[in-house]
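Worksheet for the structure shown next.
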Amino acid sequence: MAMEYESNNWIWDGVYYCPRLFGGLMLTAALLGLSTTYFGGIGLFPLSYVWSDSGIFHKKKCEKKRIRVYMDGCFDLMHYGHANALRQAKALGDELVVGVVSDEEIIANKGPPVLPMEERLALVSGLKWVDQVIANAPYAITEQFMNSLFNEHKIDYIIHGDDPCLLPDGSDAYALAKKAGRYKQIKRTEGVSSTDIVGRILCSVKDTEGGGDHTSTLLNGDSGERCHSQRAQISQFLPTSQRIVQFSNGKGPGPNARVVYIDGAFDLFHAGHVEILKKARQLGDFLLVGIHTDHIVRYFIYFML
Ligand code: CTP
């Protein structure tokens, strides 16, 4: 199901040919932390059309075509690798359309997802780099789907991380897009994946069940060794100042801004987090988010269990 395209061609003309005005709207929405499609239901807004003095609705002339890029994925248990992928994809164009792969397609190609479509959709739609979402996207870029991306959705490039994405028969899921010369790659973030997160959760459950000397409990048996090696893995995603700049929109609160503060563990980012952050943002002009340290999170989990 594609969202909000079908009956709005006149708006789309404006979107393609009038980047600055439309970009302003997108930027405002991004600063608000809102998706311009899924939540607000106002993905497209006819800003590129202006009233002339005579009252005739005419199209404002703008020079450059906006580049629309498409990235798909399962986006199960949203993690910083996904955020970094979407950030890089957005930088390759002006508008980012994201295809969220259907539950059925994920099951057929790599096993059941933890989060169902609606929750994965809510997470993806909540990110500031995402301009539009296509729900129930296919896992592989088939000829039919590729044509609908190019012709209906006016996509210029299809983007994926530089990890191989193979179908069960061993073929490349993006082969057709590559052949068509409309494929671009971004750098995959090392050290994190949905599969890895599921592994970490299983390990932490084992930790809790084991009590006392976790390491010795876990090292008994195969899964114990797996957990030990997972813990030894160091994330490559260091929050350097360069990274923080890449992820930031560079805006601080204005002089009279009402600053709202919310804090939390934000462990395993989920649709509930997206919702609460949006509500908090609506209470003021600037939202500051505090993230608890690992130590505090462990302390509370210890007392809650
Ligand atoms: N991606 C990335 N870096 C990661 C994980 C994912 O750049 N560490 C990119 C993928 O290359 C893809 C998009 O994010 O373009 C969506 O990835 P997804 O299909 O959700 O895959 P994974 O998170 O790798 O999930 P899994 O462990 O189930 O393969």
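Ordering of the structure tokens sets the chain letters (A, B, ...); residue numbers start at 1 within each chain; ligands are numbered from 1 in the order shown.
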List all protein, DNA and RNA residues that have any atom at most 10 Å from ligand 1, counting only C-alpha atoms and all ligand atoms, and write the list as an MDAnalysis selection string. chainID A and resid 70:89 98:101 106 110:114 120 139 158:165 185:198 236:237
Please build the interface table for stretch 154-217 of chain A against stretch 141-144 of chain A with a cut-off of 9 Å, listing for each qualifying residue the nearest atom pair and the distance in Å to one decimal; count only C-alpha atoms, order rows by chain and increasing number, and write it as CSV.
```
residue,atom,partner,partner_atom,distance
A:Ala173,CA,A:Ile141,CA,6.0
A:Tyr174,CA,A:Ile141,CA,5.8
A:Ala175,CA,A:Ile141,CA,7.9
A:Leu176,CA,A:Ile141,CA,6.9
A:Ala177,CA,A:Ile141,CA,7.1
```
Dump C-alpha atoms for the selected residues as a PDB file, in the first residue's frame?
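Listing of part-v1.pdb after writing:
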```
ATOM      1  CA  ALA A 173      17.659  -8.575  -4.174  1.00  0.00           C
ATOM      2  CA  TYR A 174      18.797  -5.344  -5.908  1.00  0.00           C
ATOM      3  CA  ALA A 175      20.111  -6.873  -9.169  1.00  0.00           C
ATOM      4  CA  LEU A 176      17.463  -5.214 -11.364  1.00  0.00           C
ATOM      5  CA  ALA A 177      17.977  -1.775  -9.858  1.00  0.00           C
TER       6      ALA A 177
END
```
What lies within 12 Å of stretch 259-267 of chain A using only C-alpha atoms, ignoring chain neighbours under 3 positions off, as a PyMOL selection string? chain A and resi 77-80+197+200-201+252-256+270-274+276-301
Using DSSP assignments from the backbone, pull out every residue in stretch 56-255 of chain A that falls under helix (DSSP H, G or I) and give it to me as a PyMOL selection string. chain A and resi 80-91+103-110+117-125+143-151+175-179+194-210+214-219+222-232+241-247
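Between atom CA of A:Phe303 and atom CA of A:Cys203 lies a distance of 18.9 Å.
Here atom CA of A:Met117 and atom CA of A:Lys154 stand 24.1 Å from one another.
Minimum distance to A:Lys179 across A:Leu202, A:Met146, A:Ile155, A:Leu127 (counting only C-alpha atoms) occurs at A:Met146.
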I'd like the neighbourhood of stretch 241-249 of chain A as a list in words, where a residue qualifies if any of its atoms comes within 8 Å (using only C-alpha atoms), though same-chain residues fewer than 2 positions away should be ignored. Leu31, Arg87, Leu238, Pro239 and Lys251 of chain A
Mind checking DSSP for stretch 63-118 of chain A and telling me the strand (DSSP E) residues as a count of residues only? 13
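Taking atom CA of A:Asp103 as the reference point, atom CA of A:Asn151 is found at 25.4 Å.
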